[in-house]
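A.B. asks: This is run14.cif, which holds mmCIF, N, CA and C atoms:
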data_start
#
loop_
_atom_site.label_atom_id
_atom_site.label_comp_id
_atom_site.auth_asym_id
_atom_site.auth_seq_id
_atom_site.Cartn_x
_atom_site.Cartn_y
_atom_site.Cartn_z
N MET A 1 99.61 28.39 -49.23
CA MET A 1 99.74 27.31 -48.28
C MET A 1 99.71 25.98 -49.04
N VAL A 2 100.52 25.05 -48.57
CA VAL A 2 100.66 23.76 -49.25
C VAL A 2 100.53 22.64 -48.22
N LEU A 3 99.67 21.67 -48.51
CA LEU A 3 99.59 20.48 -47.68
C LEU A 3 100.51 19.41 -48.29
N ILE A 4 101.28 18.77 -47.46
CA ILE A 4 102.21 17.73 -47.90
C ILE A 4 101.52 16.38 -47.76
N ASP A 5 101.40 15.66 -48.85
CA ASP A 5 100.79 14.33 -48.83
C ASP A 5 101.75 13.34 -48.17
N SER A 6 101.20 12.29 -47.63
CA SER A 6 102.01 11.31 -46.90
C SER A 6 103.10 10.69 -47.76
N ASN A 7 102.83 10.45 -49.04
CA ASN A 7 103.86 9.82 -49.88
C ASN A 7 105.11 10.69 -49.97
N VAL A 8 104.94 12.00 -49.97
CA VAL A 8 106.08 12.91 -50.04
C VAL A 8 106.91 12.81 -48.76
N LEU A 9 106.24 12.78 -47.61
CA LEU A 9 106.98 12.66 -46.35
C LEU A 9 107.71 11.32 -46.25
N VAL A 10 107.06 10.25 -46.69
CA VAL A 10 107.70 8.94 -46.66
C VAL A 10 108.94 8.95 -47.55
N TYR A 11 108.81 9.47 -48.76
CA TYR A 11 109.97 9.52 -49.68
C TYR A 11 111.08 10.40 -49.10
N ALA A 12 110.71 11.54 -48.57
CA ALA A 12 111.72 12.48 -48.06
C ALA A 12 112.50 11.90 -46.88
N ASN A 13 111.88 11.00 -46.15
CA ASN A 13 112.51 10.45 -44.96
C ASN A 13 113.08 9.05 -45.15
N SER A 14 113.19 8.60 -46.39
CA SER A 14 113.78 7.30 -46.68
C SER A 14 114.75 7.45 -47.83
N ALA A 15 116.03 7.42 -47.50
CA ALA A 15 117.07 7.61 -48.52
C ALA A 15 117.00 6.58 -49.63
N SER A 16 116.40 5.42 -49.38
CA SER A 16 116.33 4.38 -50.40
C SER A 16 115.07 4.49 -51.27
N ALA A 17 114.18 5.42 -50.96
CA ALA A 17 112.96 5.59 -51.74
C ALA A 17 113.28 6.13 -53.13
N PRO A 18 112.58 5.66 -54.14
CA PRO A 18 112.88 6.10 -55.51
C PRO A 18 112.70 7.60 -55.73
N MET A 19 111.81 8.23 -55.01
CA MET A 19 111.57 9.67 -55.18
C MET A 19 112.16 10.48 -54.03
N HIS A 20 113.14 9.92 -53.32
CA HIS A 20 113.71 10.60 -52.17
C HIS A 20 114.28 11.98 -52.53
N ALA A 21 115.10 12.03 -53.56
CA ALA A 21 115.75 13.30 -53.92
C ALA A 21 114.71 14.35 -54.31
N ALA A 22 113.69 13.94 -55.07
CA ALA A 22 112.66 14.88 -55.49
C ALA A 22 111.87 15.39 -54.29
N ALA A 23 111.52 14.49 -53.37
CA ALA A 23 110.75 14.90 -52.20
C ALA A 23 111.55 15.85 -51.31
N ALA A 24 112.82 15.51 -51.09
CA ALA A 24 113.67 16.38 -50.26
C ALA A 24 113.83 17.75 -50.92
N ALA A 25 114.04 17.76 -52.24
CA ALA A 25 114.20 19.02 -52.97
C ALA A 25 112.92 19.86 -52.92
N ALA A 26 111.78 19.21 -53.10
CA ALA A 26 110.51 19.94 -53.08
C ALA A 26 110.28 20.59 -51.72
N LEU A 27 110.48 19.82 -50.66
CA LEU A 27 110.25 20.37 -49.32
C LEU A 27 111.22 21.51 -49.01
N THR A 28 112.46 21.34 -49.41
CA THR A 28 113.46 22.39 -49.17
C THR A 28 113.10 23.65 -49.94
N GLU A 29 112.77 23.50 -51.22
CA GLU A 29 112.45 24.66 -52.05
C GLU A 29 111.20 25.38 -51.55
N LEU A 30 110.16 24.65 -51.24
CA LEU A 30 108.94 25.27 -50.76
C LEU A 30 109.16 25.98 -49.42
N ASP A 31 109.93 25.35 -48.55
CA ASP A 31 110.24 25.96 -47.25
C ASP A 31 111.05 27.24 -47.42
N ARG A 32 112.06 27.20 -48.26
CA ARG A 32 112.91 28.38 -48.48
C ARG A 32 112.17 29.52 -49.16
N SER A 33 111.15 29.18 -49.95
CA SER A 33 110.39 30.22 -50.64
C SER A 33 109.38 30.90 -49.72
N GLY A 34 109.29 30.42 -48.48
CA GLY A 34 108.39 31.05 -47.52
C GLY A 34 106.99 30.46 -47.50
N GLU A 35 106.78 29.38 -48.21
CA GLU A 35 105.46 28.74 -48.20
C GLU A 35 105.13 28.26 -46.79
N VAL A 36 103.87 28.35 -46.44
CA VAL A 36 103.40 27.77 -45.19
C VAL A 36 103.08 26.32 -45.49
N LEU A 37 103.82 25.41 -44.87
CA LEU A 37 103.67 23.98 -45.14
C LEU A 37 102.85 23.32 -44.05
N TRP A 38 101.92 22.48 -44.48
CA TRP A 38 100.98 21.80 -43.59
C TRP A 38 101.08 20.29 -43.76
N ILE A 39 100.74 19.58 -42.70
CA ILE A 39 100.46 18.15 -42.76
C ILE A 39 99.12 17.97 -42.04
N SER A 40 98.52 16.82 -42.21
CA SER A 40 97.28 16.54 -41.49
C SER A 40 97.51 15.38 -40.53
N ARG A 41 96.60 15.21 -39.61
CA ARG A 41 96.69 14.07 -38.70
C ARG A 41 96.65 12.77 -39.50
N ARG A 42 95.85 12.74 -40.55
CA ARG A 42 95.78 11.54 -41.40
C ARG A 42 97.13 11.29 -42.06
N THR A 43 97.81 12.35 -42.50
CA THR A 43 99.14 12.22 -43.10
C THR A 43 100.08 11.53 -42.13
N ILE A 44 100.04 11.95 -40.89
CA ILE A 44 100.89 11.34 -39.87
C ILE A 44 100.59 9.85 -39.75
N ARG A 45 99.31 9.50 -39.66
CA ARG A 45 98.94 8.08 -39.52
C ARG A 45 99.37 7.27 -40.75
N GLU A 46 99.16 7.83 -41.94
CA GLU A 46 99.55 7.11 -43.16
C GLU A 46 101.07 6.89 -43.21
N CYS A 47 101.84 7.85 -42.77
CA CYS A 47 103.29 7.69 -42.75
C CYS A 47 103.70 6.57 -41.79
N LEU A 48 103.06 6.52 -40.64
CA LEU A 48 103.36 5.45 -39.69
C LEU A 48 102.97 4.08 -40.26
N VAL A 49 101.85 4.02 -40.95
CA VAL A 49 101.44 2.76 -41.58
C VAL A 49 102.47 2.34 -42.63
N ALA A 50 102.86 3.27 -43.49
CA ALA A 50 103.78 2.94 -44.58
C ALA A 50 105.16 2.54 -44.09
N THR A 51 105.58 3.07 -42.96
CA THR A 51 106.94 2.79 -42.49
C THR A 51 107.01 1.68 -41.45
N THR A 52 105.86 1.10 -41.09
CA THR A 52 105.87 0.03 -40.09
C THR A 52 105.17 -1.23 -40.60
N ARG A 53 105.30 -1.52 -41.86
CA ARG A 53 104.63 -2.68 -42.44
C ARG A 53 105.21 -4.01 -41.96
N LEU A 54 106.40 -3.99 -41.43
CA LEU A 54 106.98 -5.22 -40.90
C LEU A 54 106.22 -5.65 -39.65
N PRO A 55 106.07 -6.95 -39.43
CA PRO A 55 105.30 -7.40 -38.27
C PRO A 55 105.93 -7.02 -36.93
N TYR A 56 107.24 -6.86 -36.93
CA TYR A 56 107.91 -6.50 -35.68
C TYR A 56 108.99 -5.49 -35.98
N LEU A 57 108.94 -4.38 -35.31
CA LEU A 57 109.99 -3.39 -35.42
C LEU A 57 110.60 -3.21 -34.04
N PRO A 58 111.92 -3.17 -33.96
CA PRO A 58 112.54 -2.96 -32.65
C PRO A 58 112.10 -1.64 -32.03
N VAL A 59 112.14 -1.59 -30.72
CA VAL A 59 111.75 -0.38 -29.98
C VAL A 59 112.56 0.82 -30.46
N SER A 60 113.82 0.61 -30.78
CA SER A 60 114.66 1.73 -31.23
C SER A 60 114.12 2.34 -32.52
N VAL A 61 113.63 1.51 -33.42
CA VAL A 61 113.06 2.01 -34.68
C VAL A 61 111.75 2.75 -34.40
N ARG A 62 110.93 2.18 -33.54
CA ARG A 62 109.67 2.83 -33.18
C ARG A 62 109.92 4.17 -32.51
N SER A 63 110.92 4.22 -31.66
CA SER A 63 111.26 5.49 -30.99
C SER A 63 111.74 6.51 -32.00
N GLU A 64 112.51 6.07 -32.98
CA GLU A 64 113.00 6.97 -34.03
C GLU A 64 111.82 7.53 -34.83
N LEU A 65 110.87 6.67 -35.18
CA LEU A 65 109.70 7.12 -35.93
C LEU A 65 108.86 8.10 -35.12
N ALA A 66 108.68 7.81 -33.84
CA ALA A 66 107.93 8.73 -32.98
C ALA A 66 108.61 10.08 -32.89
N ALA A 67 109.93 10.07 -32.79
CA ALA A 67 110.69 11.32 -32.73
C ALA A 67 110.53 12.09 -34.05
N ARG A 68 110.53 11.37 -35.15
CA ARG A 68 110.37 12.02 -36.47
C ARG A 68 109.01 12.69 -36.56
N VAL A 69 107.96 12.01 -36.11
CA VAL A 69 106.62 12.60 -36.14
C VAL A 69 106.56 13.84 -35.26
N ARG A 70 107.16 13.77 -34.09
CA ARG A 70 107.18 14.95 -33.20
C ARG A 70 107.91 16.12 -33.87
N ALA A 71 108.96 15.81 -34.61
CA ALA A 71 109.69 16.87 -35.34
C ALA A 71 108.81 17.46 -36.43
N TRP A 72 108.04 16.63 -37.13
CA TRP A 72 107.11 17.15 -38.14
C TRP A 72 106.10 18.08 -37.50
N GLU A 73 105.61 17.72 -36.34
CA GLU A 73 104.61 18.55 -35.67
C GLU A 73 105.18 19.92 -35.29
N ARG A 74 106.48 19.97 -35.06
CA ARG A 74 107.12 21.27 -34.77
C ARG A 74 107.42 22.04 -36.06
N ARG A 75 107.77 21.34 -37.11
CA ARG A 75 108.20 21.97 -38.37
C ARG A 75 107.02 22.46 -39.20
N TYR A 76 105.94 21.68 -39.24
CA TYR A 76 104.80 22.00 -40.10
C TYR A 76 103.58 22.36 -39.26
N ARG A 77 102.68 23.10 -39.87
CA ARG A 77 101.39 23.31 -39.23
C ARG A 77 100.60 22.02 -39.39
N VAL A 78 99.80 21.70 -38.40
CA VAL A 78 99.04 20.45 -38.43
C VAL A 78 97.55 20.76 -38.57
N ALA A 79 96.96 20.25 -39.63
CA ALA A 79 95.53 20.43 -39.88
C ALA A 79 94.77 19.35 -39.13
N GLU A 80 93.96 19.79 -38.18
CA GLU A 80 93.17 18.86 -37.38
C GLU A 80 91.95 18.39 -38.17
N ASP A 81 91.51 17.21 -37.85
CA ASP A 81 90.35 16.60 -38.47
C ASP A 81 89.24 16.55 -37.42
N GLY A 82 88.11 17.13 -37.72
CA GLY A 82 87.02 17.15 -36.74
C GLY A 82 85.67 17.28 -37.44
N PRO A 83 84.67 17.74 -36.71
CA PRO A 83 83.31 17.83 -37.26
C PRO A 83 83.22 18.72 -38.51
N ASP A 84 83.98 19.80 -38.56
CA ASP A 84 83.93 20.67 -39.74
C ASP A 84 84.47 19.94 -40.98
N VAL A 85 85.51 19.15 -40.78
CA VAL A 85 86.07 18.38 -41.90
C VAL A 85 85.07 17.32 -42.36
N THR A 86 84.43 16.66 -41.41
CA THR A 86 83.42 15.66 -41.78
C THR A 86 82.27 16.30 -42.55
N ALA A 87 81.82 17.46 -42.11
CA ALA A 87 80.74 18.16 -42.82
C ALA A 87 81.16 18.50 -44.24
N ARG A 88 82.40 18.98 -44.40
CA ARG A 88 82.89 19.33 -45.75
C ARG A 88 83.08 18.08 -46.59
N LEU A 89 83.53 16.98 -45.97
CA LEU A 89 83.67 15.71 -46.68
C LEU A 89 82.33 15.26 -47.24
N LEU A 90 81.28 15.37 -46.45
CA LEU A 90 79.97 14.95 -46.91
C LEU A 90 79.48 15.80 -48.08
N LYS A 91 79.79 17.09 -48.06
CA LYS A 91 79.45 17.95 -49.21
C LYS A 91 80.19 17.49 -50.45
N LEU A 92 81.50 17.22 -50.30
CA LEU A 92 82.28 16.72 -51.44
C LEU A 92 81.73 15.39 -51.93
N PHE A 93 81.36 14.53 -50.99
CA PHE A 93 80.83 13.21 -51.31
C PHE A 93 79.58 13.32 -52.17
N GLU A 94 78.79 14.35 -51.93
CA GLU A 94 77.58 14.58 -52.73
C GLU A 94 77.88 15.23 -54.07
N GLN A 95 79.04 15.88 -54.19
CA GLN A 95 79.37 16.62 -55.41
C GLN A 95 80.28 15.85 -56.37
N VAL A 96 81.07 14.93 -55.85
CA VAL A 96 82.09 14.25 -56.64
C VAL A 96 81.90 12.75 -56.52
N LEU A 97 82.05 12.06 -57.63
CA LEU A 97 81.93 10.61 -57.62
C LEU A 97 83.17 10.00 -56.97
N VAL A 98 83.03 9.54 -55.73
CA VAL A 98 84.12 8.88 -55.02
C VAL A 98 83.56 7.64 -54.32
N GLY A 99 84.41 6.66 -54.13
CA GLY A 99 84.01 5.46 -53.42
C GLY A 99 85.24 4.70 -52.95
N GLY A 100 85.07 3.84 -52.00
CA GLY A 100 86.17 3.03 -51.48
C GLY A 100 87.30 3.89 -50.96
N LYS A 101 88.52 3.56 -51.34
CA LYS A 101 89.70 4.28 -50.85
C LYS A 101 89.73 5.74 -51.30
N GLN A 102 88.98 6.08 -52.33
CA GLN A 102 88.94 7.46 -52.80
C GLN A 102 88.34 8.41 -51.75
N VAL A 103 87.59 7.85 -50.81
CA VAL A 103 87.02 8.67 -49.74
C VAL A 103 88.15 9.27 -48.90
N HIS A 104 89.26 8.53 -48.76
CA HIS A 104 90.42 9.07 -48.03
C HIS A 104 90.95 10.33 -48.72
N ASP A 105 91.00 10.29 -50.06
CA ASP A 105 91.46 11.46 -50.81
C ASP A 105 90.49 12.62 -50.63
N ALA A 106 89.21 12.32 -50.67
CA ALA A 106 88.20 13.35 -50.48
C ALA A 106 88.31 13.95 -49.07
N ASN A 107 88.61 13.13 -48.09
CA ASN A 107 88.78 13.63 -46.73
C ASN A 107 89.98 14.56 -46.63
N LEU A 108 91.06 14.22 -47.33
CA LEU A 108 92.23 15.10 -47.34
C LEU A 108 91.87 16.45 -47.96
N VAL A 109 91.13 16.42 -49.05
CA VAL A 109 90.70 17.66 -49.69
C VAL A 109 89.77 18.44 -48.77
N ALA A 110 88.86 17.76 -48.09
CA ALA A 110 87.97 18.43 -47.14
C ALA A 110 88.78 19.09 -46.03
N THR A 111 89.80 18.41 -45.55
CA THR A 111 90.68 18.98 -44.53
C THR A 111 91.33 20.25 -45.04
N MET A 112 91.82 20.20 -46.28
CA MET A 112 92.45 21.37 -46.88
C MET A 112 91.47 22.53 -46.95
N LEU A 113 90.27 22.26 -47.43
CA LEU A 113 89.29 23.32 -47.62
C LEU A 113 88.90 23.97 -46.29
N VAL A 114 88.73 23.17 -45.26
CA VAL A 114 88.36 23.72 -43.95
C VAL A 114 89.46 24.61 -43.40
N HIS A 115 90.71 24.25 -43.68
CA HIS A 115 91.84 25.02 -43.15
C HIS A 115 92.36 26.09 -44.12
N GLY A 116 91.69 26.25 -45.26
CA GLY A 116 92.08 27.29 -46.22
C GLY A 116 93.37 26.98 -46.97
N ILE A 117 93.69 25.72 -47.11
CA ILE A 117 94.90 25.29 -47.82
C ILE A 117 94.50 25.00 -49.26
N ASP A 118 95.17 25.66 -50.21
CA ASP A 118 94.72 25.56 -51.59
C ASP A 118 95.57 24.68 -52.50
N ARG A 119 96.73 24.22 -52.00
CA ARG A 119 97.59 23.41 -52.84
C ARG A 119 98.04 22.15 -52.10
N LEU A 120 98.23 21.08 -52.90
CA LEU A 120 98.64 19.78 -52.36
C LEU A 120 99.89 19.30 -53.09
N LEU A 121 100.94 19.00 -52.34
CA LEU A 121 102.15 18.41 -52.90
C LEU A 121 102.03 16.90 -52.79
N THR A 122 101.99 16.20 -53.92
CA THR A 122 101.80 14.75 -53.93
C THR A 122 102.47 14.10 -55.13
N HIS A 123 102.76 12.82 -54.97
CA HIS A 123 103.24 12.02 -56.11
C HIS A 123 102.06 11.37 -56.82
N ASN A 124 100.95 11.25 -56.13
CA ASN A 124 99.77 10.57 -56.67
C ASN A 124 98.78 11.58 -57.25
N THR A 125 99.21 12.27 -58.28
CA THR A 125 98.41 13.37 -58.83
C THR A 125 97.06 12.91 -59.37
N ALA A 126 96.99 11.77 -60.01
CA ALA A 126 95.74 11.30 -60.61
C ALA A 126 94.65 11.10 -59.57
N ASP A 127 95.04 10.79 -58.34
CA ASP A 127 94.05 10.59 -57.28
C ASP A 127 93.26 11.86 -56.98
N PHE A 128 93.81 13.01 -57.37
CA PHE A 128 93.19 14.28 -57.00
C PHE A 128 92.65 15.05 -58.20
N ASP A 129 92.68 14.46 -59.39
CA ASP A 129 92.16 15.13 -60.59
C ASP A 129 90.71 15.55 -60.41
N ARG A 130 89.92 14.73 -59.76
CA ARG A 130 88.48 15.01 -59.60
C ARG A 130 88.21 16.22 -58.69
N PHE A 131 89.24 16.69 -58.02
CA PHE A 131 89.07 17.82 -57.08
C PHE A 131 89.68 19.12 -57.61
N GLU A 132 89.99 19.17 -58.91
CA GLU A 132 90.72 20.31 -59.46
C GLU A 132 89.98 21.64 -59.34
N GLN A 133 88.67 21.62 -59.19
CA GLN A 133 87.97 22.89 -59.04
C GLN A 133 88.14 23.48 -57.64
N TRP A 134 88.65 22.67 -56.70
CA TRP A 134 88.83 23.15 -55.33
C TRP A 134 90.29 23.35 -54.93
N ILE A 135 91.18 22.51 -55.47
CA ILE A 135 92.59 22.59 -55.07
C ILE A 135 93.50 22.52 -56.28
N GLU A 136 94.72 23.01 -56.11
CA GLU A 136 95.77 22.88 -57.12
C GLU A 136 96.71 21.78 -56.64
N VAL A 137 97.04 20.88 -57.56
CA VAL A 137 97.95 19.79 -57.23
C VAL A 137 99.35 20.15 -57.73
N LEU A 138 100.32 20.06 -56.82
CA LEU A 138 101.72 20.26 -57.18
C LEU A 138 102.34 18.87 -57.33
N PRO A 139 102.64 18.45 -58.56
CA PRO A 139 103.19 17.11 -58.74
C PRO A 139 104.63 17.02 -58.27
N LEU A 140 104.91 16.00 -57.48
CA LEU A 140 106.27 15.78 -57.00
C LEU A 140 107.23 15.62 -58.16
N SER A 141 106.75 15.10 -59.28
CA SER A 141 107.61 14.89 -60.45
C SER A 141 108.24 16.18 -60.94
N ARG A 142 107.69 17.32 -60.58
CA ARG A 142 108.26 18.62 -60.96
C ARG A 142 109.69 18.76 -60.42
N TRP A 143 109.99 18.08 -59.31
CA TRP A 143 111.30 18.20 -58.69
C TRP A 143 112.21 17.00 -59.01
N ALA A 144 111.71 16.07 -59.83
CA ALA A 144 112.51 14.88 -60.19
C ALA A 144 113.56 15.27 -61.22
N THR A 145 114.72 14.68 -61.11
CA THR A 145 115.79 14.98 -62.07
C THR A 145 115.99 13.86 -63.06
#
Have the structure of the file written as structure tokens, please.
C.D. replies:
Amino acid sequence: MVLIDSNVLVYANSASAPMHAAAAAALTELDRSGEVLWISRRTIRECLVATTRLPYLPVSVRSELAARVRAWERRYRVAEDGPDVTARLLKLFEQVLVGGKQVHDANLVATMLVHGIDRLLTHNTADFDRFEQWIEVLPLSRWAT
């Protein structure tokens, strides 16, 4: 099972993104190989944040983004965030030196652990080095040409 990090989804869904081709190729290859692909609720929120940084987006763009998220929810399994994830996050917090924005990464790892997901597809591999004893990181660069 593989959790898709938000940066991969953003790249895959933006033809002008520098890693678009790699992200699209990675998702296609993993899907065709029969991997069970996951996203988290946090991934969805991060994608919306990254794609709506403009102060005003027309309703048509917002509707398109909402439709895209609904399509992701049908295509991928969605890892819910709840009390079990918070409990696992606190255990990680006590085991690994994290602070500030790194807590978001720890929360993603906690989500993975609670749902039995052992691999993470991301472009930001260094952010997850501290969690290597719990998860395997699949670098998006593996699919870059």
A.B. asks: List as JSON lines every residue of range 67-132 of chain A that is in contact with range 15-19 of chain A, defined as an atom at most 12 Å from one of its atoms (using only C-alpha atoms), together with the nearest atom pair and the distance in Å rounded to one decimal, sorted by chain and then rising number.
C.D. replies:
{"residue": "A:Thr122", "atom": "CA", "partner": "A:Met19", "partner_atom": "CA", "distance": 11.1}
{"residue": "A:His123", "atom": "CA", "partner": "A:Met19", "partner_atom": "CA", "distance": 8.7}
{"residue": "A:Asn124", "atom": "CA", "partner": "A:Met19", "partner_atom": "CA", "distance": 11.9}
A.B. asks: To one decimal place in Å, what is the distance between CA of Arg42 in chain A and atom C of Val78 in chain A?
C.D. replies: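 Interatomic distance, CA of Arg42 in chain A to atom C of Val78 in chain A: 9.8 Å.
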A.B. asks: Range 3-142 of chain A: which residues are alpha helix (DSSP H) by DSSP, as a PyMOL selection string?
C.D. replies: chain A and resi 6-12+20-32+41-51+59-75+83-95+102-115
A.B. asks: Which residues match the PyMOL selection byres (((chain A and resi 23 and name CA) around 10) and name CA) in the file above, as JSON, numbers by chain?
C.D. replies: {"A": [4, 7, 8, 9, 10, 11, 12, 13, 14, 17, 18, 19, 20, 21, 22, 24, 25, 26, 27, 28, 29, 121, 122, 123, 140, 141, 142, 143, 144]}
A.B. asks: Could you tell me how far atom N of Val36 in chain A sits from atom N of Leu3 in chain A, in Å to one decimal place?
C.D. replies: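 Separation between atom N of Leu3 in chain A and atom N of Val36 in chain A: 8.2 Å.
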A.B. asks: As an exercise, work out the distance from CA of Ala50 in chain A to CA of Val69 in chain A in Å and give it to one decimal place.
C.D. replies: 13.1 Å
A.B. asks: Give me the residues near range 58-68 of chain A as an NGL selection string, where near means some atom within 10 Å (using only C-alpha atoms) and where sequence neighbours in that chain fewer than 4 positions away do not count.
C.D. replies: :A and (13 or 47-48 or 51-52 or 72-74)
A.B. asks: Using the chain letters and numbers from this file, what does the PyMOL selection byres (((chain A and resi 116 and name CA) around 12) and name CA) select? Give the answer as a short mmCIF file (atom, residue, chain, number, x, y, z; two decimals) with N, CA and C atoms, in the frame of the given file.
C.D. replies:
data_model
loop_
_atom_site.label_atom_id
_atom_site.label_comp_id
_atom_site.auth_asym_id
_atom_site.auth_seq_id
_atom_site.Cartn_x
_atom_site.Cartn_y
_atom_site.Cartn_z
N MET A 1 99.61 28.39 -49.23
CA MET A 1 99.74 27.31 -48.28
C MET A 1 99.71 25.98 -49.04
N VAL A 2 100.52 25.05 -48.57
CA VAL A 2 100.66 23.76 -49.25
C VAL A 2 100.53 22.64 -48.22
N LEU A 3 99.67 21.67 -48.51
CA LEU A 3 99.59 20.48 -47.68
C LEU A 3 100.51 19.41 -48.29
N VAL A 36 103.87 28.35 -46.44
CA VAL A 36 103.40 27.77 -45.19
C VAL A 36 103.08 26.32 -45.49
N TRP A 38 101.92 22.48 -44.48
CA TRP A 38 100.98 21.80 -43.59
C TRP A 38 101.08 20.29 -43.76
N ALA A 79 96.96 20.25 -39.63
CA ALA A 79 95.53 20.43 -39.88
C ALA A 79 94.77 19.35 -39.13
N VAL A 85 85.51 19.15 -40.78
CA VAL A 85 86.07 18.38 -41.90
C VAL A 85 85.07 17.32 -42.36
N VAL A 109 91.13 16.42 -49.05
CA VAL A 109 90.70 17.66 -49.69
C VAL A 109 89.77 18.44 -48.77
N ALA A 110 88.86 17.76 -48.09
CA ALA A 110 87.97 18.43 -47.14
C ALA A 110 88.78 19.09 -46.03
N THR A 111 89.80 18.41 -45.55
CA THR A 111 90.68 18.98 -44.53
C THR A 111 91.33 20.25 -45.04
N MET A 112 91.82 20.20 -46.28
CA MET A 112 92.45 21.37 -46.88
C MET A 112 91.47 22.53 -46.95
N LEU A 113 90.27 22.26 -47.43
CA LEU A 113 89.29 23.32 -47.62
C LEU A 113 88.90 23.97 -46.29
N VAL A 114 88.73 23.17 -45.26
CA VAL A 114 88.36 23.72 -43.95
C VAL A 114 89.46 24.61 -43.40
N HIS A 115 90.71 24.25 -43.68
CA HIS A 115 91.84 25.02 -43.15
C HIS A 115 92.36 26.09 -44.12
N ILE A 117 93.69 25.72 -47.11
CA ILE A 117 94.90 25.29 -47.82
C ILE A 117 94.50 25.00 -49.26
N ASP A 118 95.17 25.66 -50.21
CA ASP A 118 94.72 25.56 -51.59
C ASP A 118 95.57 24.68 -52.50
N ARG A 119 96.73 24.22 -52.00
CA ARG A 119 97.59 23.41 -52.84
C ARG A 119 98.04 22.15 -52.10
N LEU A 120 98.23 21.08 -52.90
CA LEU A 120 98.64 19.78 -52.36
C LEU A 120 99.89 19.30 -53.09
N TRP A 134 88.65 22.67 -56.70
CA TRP A 134 88.83 23.15 -55.33
C TRP A 134 90.29 23.35 -54.93
N ILE A 135 91.18 22.51 -55.47
CA ILE A 135 92.59 22.59 -55.07
C ILE A 135 93.50 22.52 -56.28
#
A.B. asks: Could you tell me which residues the PyMOL selection byres ((chain A and resi 89) around 8) grabs in this file, written as a count of residues only?
C.D. replies: 18
A.B. asks: Which parts of range 31-142 of chain A does DSSP call strand (DSSP E) when run on the backbone here, written out as a count of residues only?
C.D. replies: 15
A.B. asks: Go ahead and fit an axis-aligned box to every listed atom of range 114-127 of chain A plus 3 Å each side, and pass me the centre and edge lengths in Å, one decimal, as JSON.
C.D. replies:
{"center_x": 95.8, "center_y": 18.9, "center_z": -51.9, "size_x": 20.9, "size_y": 22.7, "size_z": 23.5}
A.B. asks: Taking 2 positions as the minimum chain separation for residues in the same chain, which residues sit within 6 Å of Arg41 in chain A when counting all atoms listed in the file? Answer as a VMD selection string.
C.D. replies: chain A and resid 39 43 to 45 78 to 81
A.B. asks: Give me a file of those residues, with N, CA and C atoms, as a PDB file, keeping the file's coordinate frame.
C.D. replies:
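That gives us out-v3.pdb:
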ATOM      1  N   ILE A  39     100.740  19.580 -42.700  1.00  0.00           N
ATOM      2  CA  ILE A  39     100.460  18.150 -42.760  1.00  0.00           C
ATOM      3  C   ILE A  39      99.120  17.970 -42.040  1.00  0.00           C
ATOM      4  N   THR A  43      97.810  12.350 -42.500  1.00  0.00           N
ATOM      5  CA  THR A  43      99.140  12.220 -43.100  1.00  0.00           C
ATOM      6  C   THR A  43     100.080  11.530 -42.130  1.00  0.00           C
ATOM      7  N   ILE A  44     100.040  11.950 -40.890  1.00  0.00           N
ATOM      8  CA  ILE A  44     100.890  11.340 -39.870  1.00  0.00           C
ATOM      9  C   ILE A  44     100.590   9.850 -39.750  1.00  0.00           C
ATOM     10  N   ARG A  45      99.310   9.500 -39.660  1.00  0.00           N
ATOM     11  CA  ARG A  45      98.940   8.080 -39.520  1.00  0.00           C
ATOM     12  C   ARG A  45      99.370   7.270 -40.750  1.00  0.00           C
ATOM     13  N   VAL A  78      99.800  21.700 -38.400  1.00  0.00           N
ATOM     14  CA  VAL A  78      99.040  20.450 -38.430  1.00  0.00           C
ATOM     15  C   VAL A  78      97.550  20.760 -38.570  1.00  0.00           C
ATOM     16  N   ALA A  79      96.960  20.250 -39.630  1.00  0.00           N
ATOM     17  CA  ALA A  79      95.530  20.430 -39.880  1.00  0.00           C
ATOM     18  C   ALA A  79      94.770  19.350 -39.130  1.00  0.00           C
ATOM     19  N   GLU A  80      93.960  19.790 -38.180  1.00  0.00           N
ATOM     20  CA  GLU A  80      93.170  18.860 -37.380  1.00  0.00           C
ATOM     21  C   GLU A  80      91.950  18.390 -38.170  1.00  0.00           C
ATOM     22  N   ASP A  81      91.510  17.210 -37.850  1.00  0.00           N
ATOM     23  CA  ASP A  81      90.350  16.600 -38.470  1.00  0.00           C
ATOM     24  C   ASP A  81      89.240  16.550 -37.420  1.00  0.00           C
TER      25      ASP A  81
END
